[in-house]
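> Pasting in a structure now, in C-alpha cells, and then I'll have a few things to ask.
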Amino acid sequence: MSQDSQLLFRLSKLSHRNKDVFIQKSVCLFSTSPYLTVCNVWDDALRFVEGNSHYGGIILFDPAKEEVLRVLEKIVPQELYNSSLMGASQGWGFFSQQRSNHNSVCISDLYNPLPSKSNTKMIPLPPLTSMLYGQTKVVWNVAMSSSSPHEEDCVVAIKFLGRQLSMCKPGRDHAWTNRLIPFDCAENSNLMYSKKNQRFYLPAPGSNYLCSWDLHSNDPKFNELVFHNLPQLPHSAWEALDSCFREDHWEDRVTAKGTRNMCYTEDIGDLCIFLSKSDPFCVVASSCSGLKPNSIYLMGRRFAVCDLTTGTVSHFDDPNDVQKRIPFFPFWLPPFSN
C-alpha cells in the first residue's frame, strides 16, 4: 500500500459520519459541480478594465467530469495580482499579501465560476498580529461562520501553524481578536464552524476531545468524543495506519451529557464527502452526474477518491500535467448556486 493510499485509507475508514447528518446539509439546488482550486491566470499584458481592475482568470478541476475548467475574462482587482491563496471557506478564498511590517489579508469570490460573477469582489480584513506564542506566517486552515462575509453576523477565523487562533468580523472589526489554543501539537487538526451551535471547533490531539469557542467568549469549551463500534483491525493494519500522516475531522452530534458520539460507518449512501484544508462538505451524488456515491473525495499529496463500497482508492488523471502548475495547496469548493 502506497503512502498516499494509506492516508486515504485512514481518512475513509475513520470517517465517523452519519447519513442523516449529511442529508440535512444537502437539501439545496446548485448550478455547478464541486471544484478543486488549481491556479490563477493573469493577462500577460495586464489589460486594465477600469480603475485598478484588469482581466484575469481561474483554472478549476471538475471531479464529476474529471476535467479542467478554465474561466477567463474575469475582472479582477489589482490587489489580488500579488496575493497568494492561503485558505478557503464556504466557497470564498482568503488571500494574503506579505508586506514590510505586517500581513494584509482579504476575502474574495475569485473562484466563483458562474458568468454572473465576472466582477470579482474583494473584502479587506485587518492586518494580522502575532501573539507571544503565535505566528502569522503559516496558515493551517480558515473557517467562516456564514455563507457570505457580507452577512452582518459573519465571523472569520484563521488557525495558524502553532497555537494562535485569530477571529474578526469582516467590514466591522478594525483588529483581530487573538486566542491561544490551549494545547500543543494541533497542526493536524482542522478548524470548523458549527452553524447549529454557533461555535468554532478544533479537535484536540488524539481526537478524544473537541475544543470550541463561541463568537463572544475567550474561554474555550471541551467536549469528550465517544467512539462507537470501531472495526477490529489486525495489528498489521494499525501499524500501517500509524505510519501515515493524519488529519482530524468531526461530525456534529451532541448527547445529553455534552459528549459527542462518533459512529463508524462504511455506508453513507448516495452521498460524497469532500475533504481538504477548506470546510468539509457533502454532495448528493445523484444531483451531479459523474460523482461516485458512497465515496470520499480527498486532497492529499494528490487528488483522489476513496470508494467506501469497495474500499479502493483511485487517483484522478492529471490532464495536461496541470498539477505542476498549482502554486498553493488546492482546496475543494462546494457547488455554487445562482
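Residues in the C-alpha cells are named by chain (A, B, ... in the order shown) and by number from 1 within that chain; ligands are numbered from 1 in the order shown.
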For His216 (chain A), please output as a tab-separated table (two decimals) with all heavy atoms, in the first residue's frame all residues within 12 Å (counting only C-alpha atoms; exclusion window: fewer than 3 positions along the same chain).

```
chain	number	residue	atom	x	y	z
A	153	ASP	N	-23.68	39.09	10.77
A	153	ASP	CA	-23.14	38.35	11.90
A	153	ASP	C	-21.99	37.44	11.51
A	153	ASP	O	-21.58	36.58	12.28
A	153	ASP	CB	-24.24	37.51	12.56
A	153	ASP	CG	-24.88	36.54	11.58
A	153	ASP	OD1	-24.64	36.66	10.36
A	153	ASP	OD2	-25.63	35.64	12.04
A	155	VAL	N	-18.44	35.86	11.05
A	155	VAL	CA	-17.14	35.88	11.72
A	155	VAL	C	-16.20	34.96	10.95
A	155	VAL	O	-16.58	33.85	10.58
A	155	VAL	CB	-17.25	35.40	13.18
A	155	VAL	CG1	-15.86	35.32	13.83
A	155	VAL	CG2	-18.15	36.33	13.99
A	167	MET	N	-9.71	35.78	15.09
A	167	MET	CA	-11.07	35.95	14.60
A	167	MET	C	-11.37	37.43	14.38
A	167	MET	O	-10.81	38.29	15.06
A	167	MET	CB	-12.08	35.40	15.61
A	167	MET	CG	-11.96	33.92	15.92
A	167	MET	SD	-13.24	33.40	17.10
A	167	MET	CE	-12.77	31.69	17.37
A	168	CYS	N	-12.27	37.69	13.43
A	168	CYS	CA	-12.75	39.06	13.23
A	168	CYS	C	-14.04	39.03	12.42
A	168	CYS	O	-14.38	38.02	11.79
A	168	CYS	CB	-11.70	39.93	12.54
A	168	CYS	SG	-11.61	39.73	10.76
A	169	LYS	N	-14.77	40.16	12.44
A	169	LYS	CA	-15.98	40.33	11.64
A	169	LYS	C	-15.62	41.19	10.43
A	169	LYS	O	-15.23	42.34	10.59
A	169	LYS	CB	-17.08	41.01	12.47
A	169	LYS	CG	-17.60	40.16	13.61
A	169	LYS	CD	-18.73	40.87	14.35
A	169	LYS	CE	-19.30	40.01	15.46
A	169	LYS	NZ	-20.41	40.68	16.18
A	177	THR	N	-9.21	39.51	16.96
A	177	THR	CA	-9.20	39.00	18.33
A	177	THR	C	-8.38	37.72	18.33
A	177	THR	O	-8.77	36.74	17.68
A	177	THR	CB	-10.63	38.70	18.82
A	177	THR	OG1	-11.39	39.92	18.84
A	177	THR	CG2	-10.59	38.11	20.24
A	179	ARG	N	-6.66	34.44	20.07
A	179	ARG	CA	-6.89	33.49	21.16
A	179	ARG	C	-5.84	32.41	21.13
A	179	ARG	O	-5.43	31.95	20.06
A	179	ARG	CB	-8.29	32.89	21.04
A	179	ARG	CG	-9.39	33.95	21.18
A	179	ARG	CD	-10.77	33.42	20.92
A	179	ARG	NE	-11.77	34.47	21.09
A	179	ARG	CZ	-13.06	34.32	20.87
A	179	ARG	NH1	-13.53	33.16	20.45
A	179	ARG	NH2	-13.89	35.31	21.05
A	198	GLN	N	-23.27	27.50	16.76
A	198	GLN	CA	-22.65	28.82	16.67
A	198	GLN	C	-21.31	28.85	17.40
A	198	GLN	O	-21.02	29.74	18.19
A	198	GLN	CB	-23.58	29.90	17.21
A	198	GLN	CG	-24.87	30.04	16.41
A	198	GLN	CD	-25.73	31.20	16.85
A	198	GLN	OE1	-25.55	31.76	17.93
A	198	GLN	NE2	-26.68	31.59	16.02
A	199	ARG	N	-20.48	27.86	17.08
A	199	ARG	CA	-19.17	27.74	17.70
A	199	ARG	C	-18.15	27.27	16.67
A	199	ARG	O	-18.49	26.53	15.73
A	199	ARG	CB	-19.17	26.76	18.88
A	199	ARG	CG	-20.14	27.12	20.00
A	199	ARG	CD	-20.02	26.15	21.17
A	199	ARG	NE	-18.78	26.34	21.91
A	199	ARG	CZ	-18.62	27.21	22.92
A	199	ARG	NH1	-19.63	27.96	23.29
A	199	ARG	NH2	-17.46	27.31	23.54
A	200	PHE	N	-16.90	27.70	16.85
A	200	PHE	CA	-15.78	27.16	16.07
A	200	PHE	C	-15.19	25.99	16.85
A	200	PHE	O	-14.94	26.08	18.06
A	200	PHE	CB	-14.71	28.23	15.86
A	200	PHE	CG	-15.10	29.31	14.89
A	200	PHE	CD1	-15.65	30.50	15.33
A	200	PHE	CD2	-14.94	29.12	13.52
A	200	PHE	CE1	-16.01	31.50	14.44
A	200	PHE	CE2	-15.32	30.09	12.61
A	200	PHE	CZ	-15.85	31.29	13.07
A	212	SER	N	-13.74	24.16	21.64
A	212	SER	CA	-14.58	25.08	20.87
A	212	SER	C	-14.62	26.47	21.50
A	212	SER	O	-14.37	26.64	22.69
A	212	SER	CB	-16.00	24.52	20.73
A	212	SER	OG	-16.65	24.48	21.99
A	213	TRP	N	-14.93	27.44	20.64
A	213	TRP	CA	-15.09	28.83	21.06
A	213	TRP	C	-16.38	29.36	20.47
A	213	TRP	O	-16.72	29.06	19.31
A	213	TRP	CB	-13.93	29.70	20.55
A	213	TRP	CG	-12.59	29.37	21.10
A	213	TRP	CD1	-11.94	29.99	22.13
A	213	TRP	CD2	-11.68	28.36	20.61
A	213	TRP	NE1	-10.70	29.44	22.33
A	213	TRP	CE2	-10.51	28.44	21.41
A	213	TRP	CE3	-11.75	27.42	19.60
A	213	TRP	CZ2	-9.44	27.59	21.22
A	213	TRP	CZ3	-10.68	26.56	19.41
A	213	TRP	CH2	-9.53	26.65	20.21
A	219	ASP	N	-13.04	32.10	26.47
A	219	ASP	CA	-12.80	30.85	27.16
A	219	ASP	C	-13.23	29.67	26.30
A	219	ASP	O	-14.38	29.60	25.86
A	219	ASP	CB	-13.56	30.81	28.49
A	219	ASP	CG	-13.08	31.90	29.45
A	219	ASP	OD1	-11.88	32.21	29.40
A	219	ASP	OD2	-13.91	32.43	30.20
A	220	PRO	N	-12.32	28.72	26.06
A	220	PRO	CA	-12.69	27.54	25.26
A	220	PRO	C	-13.52	26.55	26.07
A	220	PRO	O	-13.50	26.54	27.30
A	220	PRO	CB	-11.33	26.95	24.88
A	220	PRO	CG	-10.43	27.35	26.00
A	220	PRO	CD	-10.90	28.71	26.44
```
> Quick one: residues within 12 Å of region 85-87 of chain A, only C-alpha atoms, excluding same-chain residues fewer than 2 positions away - as a short mmCIF file (atom, residue, chain, number, x, y, z; two decimals) with N, CA and C atoms, in the first residue's frame?

```cif
data_model
loop_
_atom_site.label_atom_id
_atom_site.label_comp_id
_atom_site.auth_asym_id
_atom_site.auth_seq_id
_atom_site.Cartn_x
_atom_site.Cartn_y
_atom_site.Cartn_z
N THR A 37 -9.59 24.00 -6.52
CA THR A 37 -8.82 25.14 -7.00
C THR A 37 -7.49 24.66 -7.58
N VAL A 38 -7.12 25.19 -8.72
CA VAL A 38 -5.85 24.82 -9.35
C VAL A 38 -4.90 26.01 -9.38
N CYS A 39 -5.27 27.07 -10.10
CA CYS A 39 -4.39 28.25 -10.14
C CYS A 39 -5.13 29.43 -10.75
N ASN A 40 -4.49 30.59 -10.66
CA ASN A 40 -4.98 31.80 -11.31
C ASN A 40 -4.24 31.98 -12.63
N LEU A 80 -5.27 41.69 -5.93
CA LEU A 80 -5.17 40.23 -5.89
C LEU A 80 -4.03 39.70 -6.75
N TYR A 81 -3.50 40.54 -7.63
CA TYR A 81 -2.46 40.08 -8.55
C TYR A 81 -1.21 39.62 -7.81
N ASN A 82 -0.84 40.32 -6.75
CA ASN A 82 0.36 39.97 -5.99
C ASN A 82 0.04 39.21 -4.71
N SER A 83 -1.18 38.69 -4.62
CA SER A 83 -1.60 37.96 -3.42
C SER A 83 -1.53 36.46 -3.65
N SER A 89 -13.12 28.96 2.48
CA SER A 89 -14.24 28.59 3.33
C SER A 89 -15.53 29.04 2.67
N GLN A 90 -16.53 28.17 2.65
CA GLN A 90 -17.84 28.49 2.09
C GLN A 90 -17.74 28.94 0.63
N GLY A 91 -16.70 28.50 -0.08
CA GLY A 91 -16.52 28.88 -1.48
C GLY A 91 -15.78 30.19 -1.68
N TRP A 92 -15.43 30.89 -0.60
CA TRP A 92 -14.68 32.15 -0.67
C TRP A 92 -13.20 31.88 -0.42
N GLY A 93 -12.34 32.60 -1.12
CA GLY A 93 -10.91 32.45 -0.94
C GLY A 93 -10.35 33.50 0.00
N PHE A 94 -9.37 33.09 0.81
CA PHE A 94 -8.65 34.00 1.70
C PHE A 94 -7.27 34.24 1.08
N PHE A 95 -6.94 35.51 0.83
CA PHE A 95 -5.70 35.86 0.14
C PHE A 95 -4.84 36.72 1.06
N SER A 96 -3.53 36.54 0.95
CA SER A 96 -2.61 37.31 1.80
C SER A 96 -1.57 38.01 0.94
N GLN A 97 -1.13 39.17 1.44
CA GLN A 97 -0.04 39.92 0.84
C GLN A 97 1.01 40.14 1.91
N GLN A 98 2.24 39.67 1.67
CA GLN A 98 3.31 39.88 2.62
C GLN A 98 3.89 41.28 2.40
N ASN A 103 1.00 41.63 7.75
CA ASN A 103 0.33 40.83 6.74
C ASN A 103 -1.01 41.44 6.41
N SER A 104 -1.27 41.64 5.14
CA SER A 104 -2.55 42.14 4.69
C SER A 104 -3.38 40.98 4.16
N VAL A 105 -4.63 40.87 4.59
CA VAL A 105 -5.49 39.74 4.25
C VAL A 105 -6.79 40.27 3.66
N CYS A 106 -7.34 39.55 2.69
CA CYS A 106 -8.64 39.90 2.14
C CYS A 106 -9.40 38.63 1.77
N ILE A 107 -10.71 38.76 1.64
CA ILE A 107 -11.57 37.66 1.20
C ILE A 107 -12.09 38.00 -0.19
N SER A 108 -12.16 37.01 -1.06
CA SER A 108 -12.61 37.27 -2.42
C SER A 108 -13.40 36.08 -2.97
N ASP A 109 -14.33 36.37 -3.89
CA ASP A 109 -15.06 35.32 -4.57
C ASP A 109 -14.43 35.02 -5.94
N LEU A 110 -13.13 35.20 -6.03
CA LEU A 110 -12.41 34.99 -7.29
C LEU A 110 -12.71 33.63 -7.91
N TYR A 111 -12.88 32.59 -7.09
CA TYR A 111 -13.03 31.24 -7.62
C TYR A 111 -14.48 30.85 -7.90
N THR A 136 2.06 34.35 12.40
CA THR A 136 1.07 34.53 11.35
C THR A 136 1.65 34.26 9.97
N LYS A 137 2.81 33.62 9.91
CA LYS A 137 3.45 33.35 8.63
C LYS A 137 2.87 32.13 7.93
N VAL A 138 2.48 31.11 8.71
CA VAL A 138 1.99 29.86 8.12
C VAL A 138 0.57 29.61 8.59
N VAL A 139 -0.37 29.54 7.64
CA VAL A 139 -1.77 29.28 7.94
C VAL A 139 -2.06 27.80 7.74
N TRP A 140 -2.78 27.18 8.73
CA TRP A 140 -3.17 25.79 8.57
C TRP A 140 -4.51 25.70 7.84
N ASN A 141 -5.54 26.38 8.35
CA ASN A 141 -6.80 26.46 7.62
C ASN A 141 -7.65 27.61 8.14
N VAL A 142 -8.72 27.92 7.42
CA VAL A 142 -9.60 29.02 7.79
C VAL A 142 -11.03 28.51 7.86
N ALA A 143 -11.89 29.24 8.54
CA ALA A 143 -13.31 28.89 8.63
C ALA A 143 -14.12 30.17 8.71
N MET A 144 -15.36 30.10 8.23
CA MET A 144 -16.23 31.27 8.21
C MET A 144 -17.60 30.85 8.72
N VAL A 156 -15.00 35.42 10.69
CA VAL A 156 -13.99 34.58 10.04
C VAL A 156 -12.92 34.24 11.07
N ALA A 157 -12.35 33.06 10.94
CA ALA A 157 -11.32 32.60 11.87
C ALA A 157 -10.17 31.98 11.09
N ILE A 158 -8.96 32.23 11.54
CA ILE A 158 -7.76 31.67 10.91
C ILE A 158 -7.00 30.88 11.96
N LYS A 159 -6.72 29.61 11.67
CA LYS A 159 -5.88 28.79 12.53
C LYS A 159 -4.50 28.73 11.90
N PHE A 160 -3.51 29.19 12.66
CA PHE A 160 -2.14 29.20 12.17
C PHE A 160 -1.41 27.94 12.62
N ASN A 190 -8.20 20.36 12.03
CA ASN A 190 -8.82 21.34 11.14
C ASN A 190 -9.92 22.10 11.86
N LEU A 191 -9.86 23.42 11.78
CA LEU A 191 -10.86 24.29 12.37
C LEU A 191 -12.14 24.23 11.53
N SER A 276 -10.52 18.58 2.46
CA SER A 276 -9.25 19.25 2.17
C SER A 276 -9.01 20.21 3.31
N LYS A 277 -8.17 21.21 3.12
CA LYS A 277 -7.95 22.19 4.17
C LYS A 277 -9.08 23.23 4.24
N SER A 278 -10.03 23.18 3.30
CA SER A 278 -11.19 24.04 3.39
C SER A 278 -12.29 23.31 4.16
N ASP A 279 -13.47 23.93 4.27
CA ASP A 279 -14.55 23.30 5.02
C ASP A 279 -14.91 21.95 4.42
N ILE A 326 0.17 24.09 -10.00
CA ILE A 326 -0.53 24.51 -8.79
C ILE A 326 0.45 25.22 -7.85
N PRO A 327 0.26 26.52 -7.58
CA PRO A 327 1.21 27.27 -6.75
C PRO A 327 0.90 27.22 -5.26
N PHE A 328 -0.20 26.58 -4.88
CA PHE A 328 -0.60 26.54 -3.48
C PHE A 328 -1.28 25.21 -3.22
N PHE A 329 -1.57 24.94 -1.95
CA PHE A 329 -2.30 23.72 -1.62
C PHE A 329 -3.74 23.87 -2.09
N PRO A 330 -4.23 22.98 -2.95
CA PRO A 330 -5.58 23.15 -3.51
C PRO A 330 -6.67 22.90 -2.46
N PHE A 331 -7.83 23.49 -2.71
CA PHE A 331 -8.96 23.37 -1.80
C PHE A 331 -10.19 22.92 -2.58
N TRP A 332 -10.99 22.04 -1.98
CA TRP A 332 -12.28 21.72 -2.56
C TRP A 332 -13.25 22.87 -2.28
N LEU A 333 -14.00 23.25 -3.29
CA LEU A 333 -15.02 24.28 -3.15
C LEU A 333 -16.39 23.65 -3.32
#
```
> Using CA of Asn52 (chain A) and CA of His150 (chain A) as the two end points, give the distance in Å to one decimal.
21.9 Å
> Counting only C-alpha atoms, figure out which residue out of A:Leu215, A:Ala64, A:Leu180, A:Leu275 gets nearest to Leu291 (chain A).
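Smallest distance to Leu291 (chain A) is found for A:Ala64.
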> Between A:Ile181, A:Ser289, A:Asn197, A:Thr309, which has the minimum distance to Asp62 (chain A) (counting only C-alpha atoms)?
A:Ser289
> Have a look at CA of Cys282 (chain A) and CA of Ala204 (chain A) and let me know their distance in Å, one decimal.
23.5 Å
> For Tyr55 (chain A), which residue among A:Gly206, A:Pro77, A:Pro124, A:Pro334 is the nearest when counting only C-alpha atoms?
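Smallest distance to Tyr55 (chain A) is found for A:Pro77.
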> Tell me, which residues of region 131-295 of chain A carry DSSP strand (DSSP E or B), written as a PyMOL selection string?
chain A and resi 139-144+156-160+164-168+177-180+189+192-194+199-203+209-214+221-228+248+254+260-263+271-275+281-284+295
> Between CA of Phe336 (chain A) and CA of His315 (chain A), measure the distance and give it in Å to one decimal.
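The value is 24.3 Å.
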> For Pro335 (chain A), please output as a CSV table (one decimal) with N, CA, C and O atoms, in the first residue's frame all residues within 9 Å (counting only C-alpha atoms; exclusion window: fewer than 3 positions along the same chain).

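To be explicit, this is the file written out as part.csv:
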```
chain,number,residue,atom,x,y,z
A,30,PHE,N,-28.1,23.5,-6.8
A,30,PHE,CA,-26.9,24.1,-7.2
A,30,PHE,C,-26.8,24.2,-8.7
A,30,PHE,O,-27.5,23.5,-9.4
A,31,SER,N,-25.9,25.1,-9.1
A,31,SER,CA,-25.8,25.3,-10.6
A,31,SER,C,-24.5,24.7,-11.1
A,31,SER,O,-24.3,24.6,-12.3
A,32,THR,N,-23.6,24.3,-10.2
A,32,THR,CA,-22.3,23.8,-10.6
A,32,THR,C,-22.0,22.5,-9.9
A,32,THR,O,-22.6,22.1,-8.9
A,33,SER,N,-20.9,21.9,-10.3
A,33,SER,CA,-20.3,20.8,-9.6
A,33,SER,C,-19.4,21.3,-8.5
A,33,SER,O,-19.1,22.5,-8.5
A,34,PRO,N,-19.0,20.5,-7.5
A,34,PRO,CA,-17.9,20.9,-6.7
A,34,PRO,C,-16.6,21.1,-7.5
A,34,PRO,O,-16.5,20.5,-8.6
A,35,TYR,N,-15.7,21.9,-7.1
A,35,TYR,CA,-14.5,22.1,-7.8
A,35,TYR,C,-13.3,22.1,-6.9
A,35,TYR,O,-13.4,22.4,-5.7
A,91,GLY,N,-16.7,28.5,-0.1
A,91,GLY,CA,-16.5,28.9,-1.5
A,91,GLY,C,-15.8,30.2,-1.7
A,91,GLY,O,-15.5,30.6,-2.8
A,283,VAL,N,-22.1,16.2,-0.9
A,283,VAL,CA,-22.9,16.5,-2.0
A,283,VAL,C,-23.7,15.2,-2.4
A,283,VAL,O,-23.1,14.1,-2.3
```
> Hey, what's within 7 Å of region 292-301 of chain A if we count only C-alpha atoms and toss same-chain stuff fewer than 2 positions away? As a VMD selection string, please?
chain A and resid 4 12 267 to 276 285 290 303 to 309
> Step one, run DSSP on the backbone; step two, keep only residues of region 51-249 of chain A assigned to helix (DSSP H, G or I); then write them as a list in words.
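The helix (DSSP H, G or I) subset of region 51-249 of chain A is Gln78, Glu79, Leu80, Pro115, Ser116, Lys117, His235, Ser236, Ala237, Trp238, Glu239, Ala240, Leu241 and Asp242 of chain A.
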> For a quick check of understanding, using only C-alpha atoms, which of A:Ser130, A:Ser337, A:Thr265, A:Ser147 has the smallest distance to Lys117 (chain A)?
A:Ser337
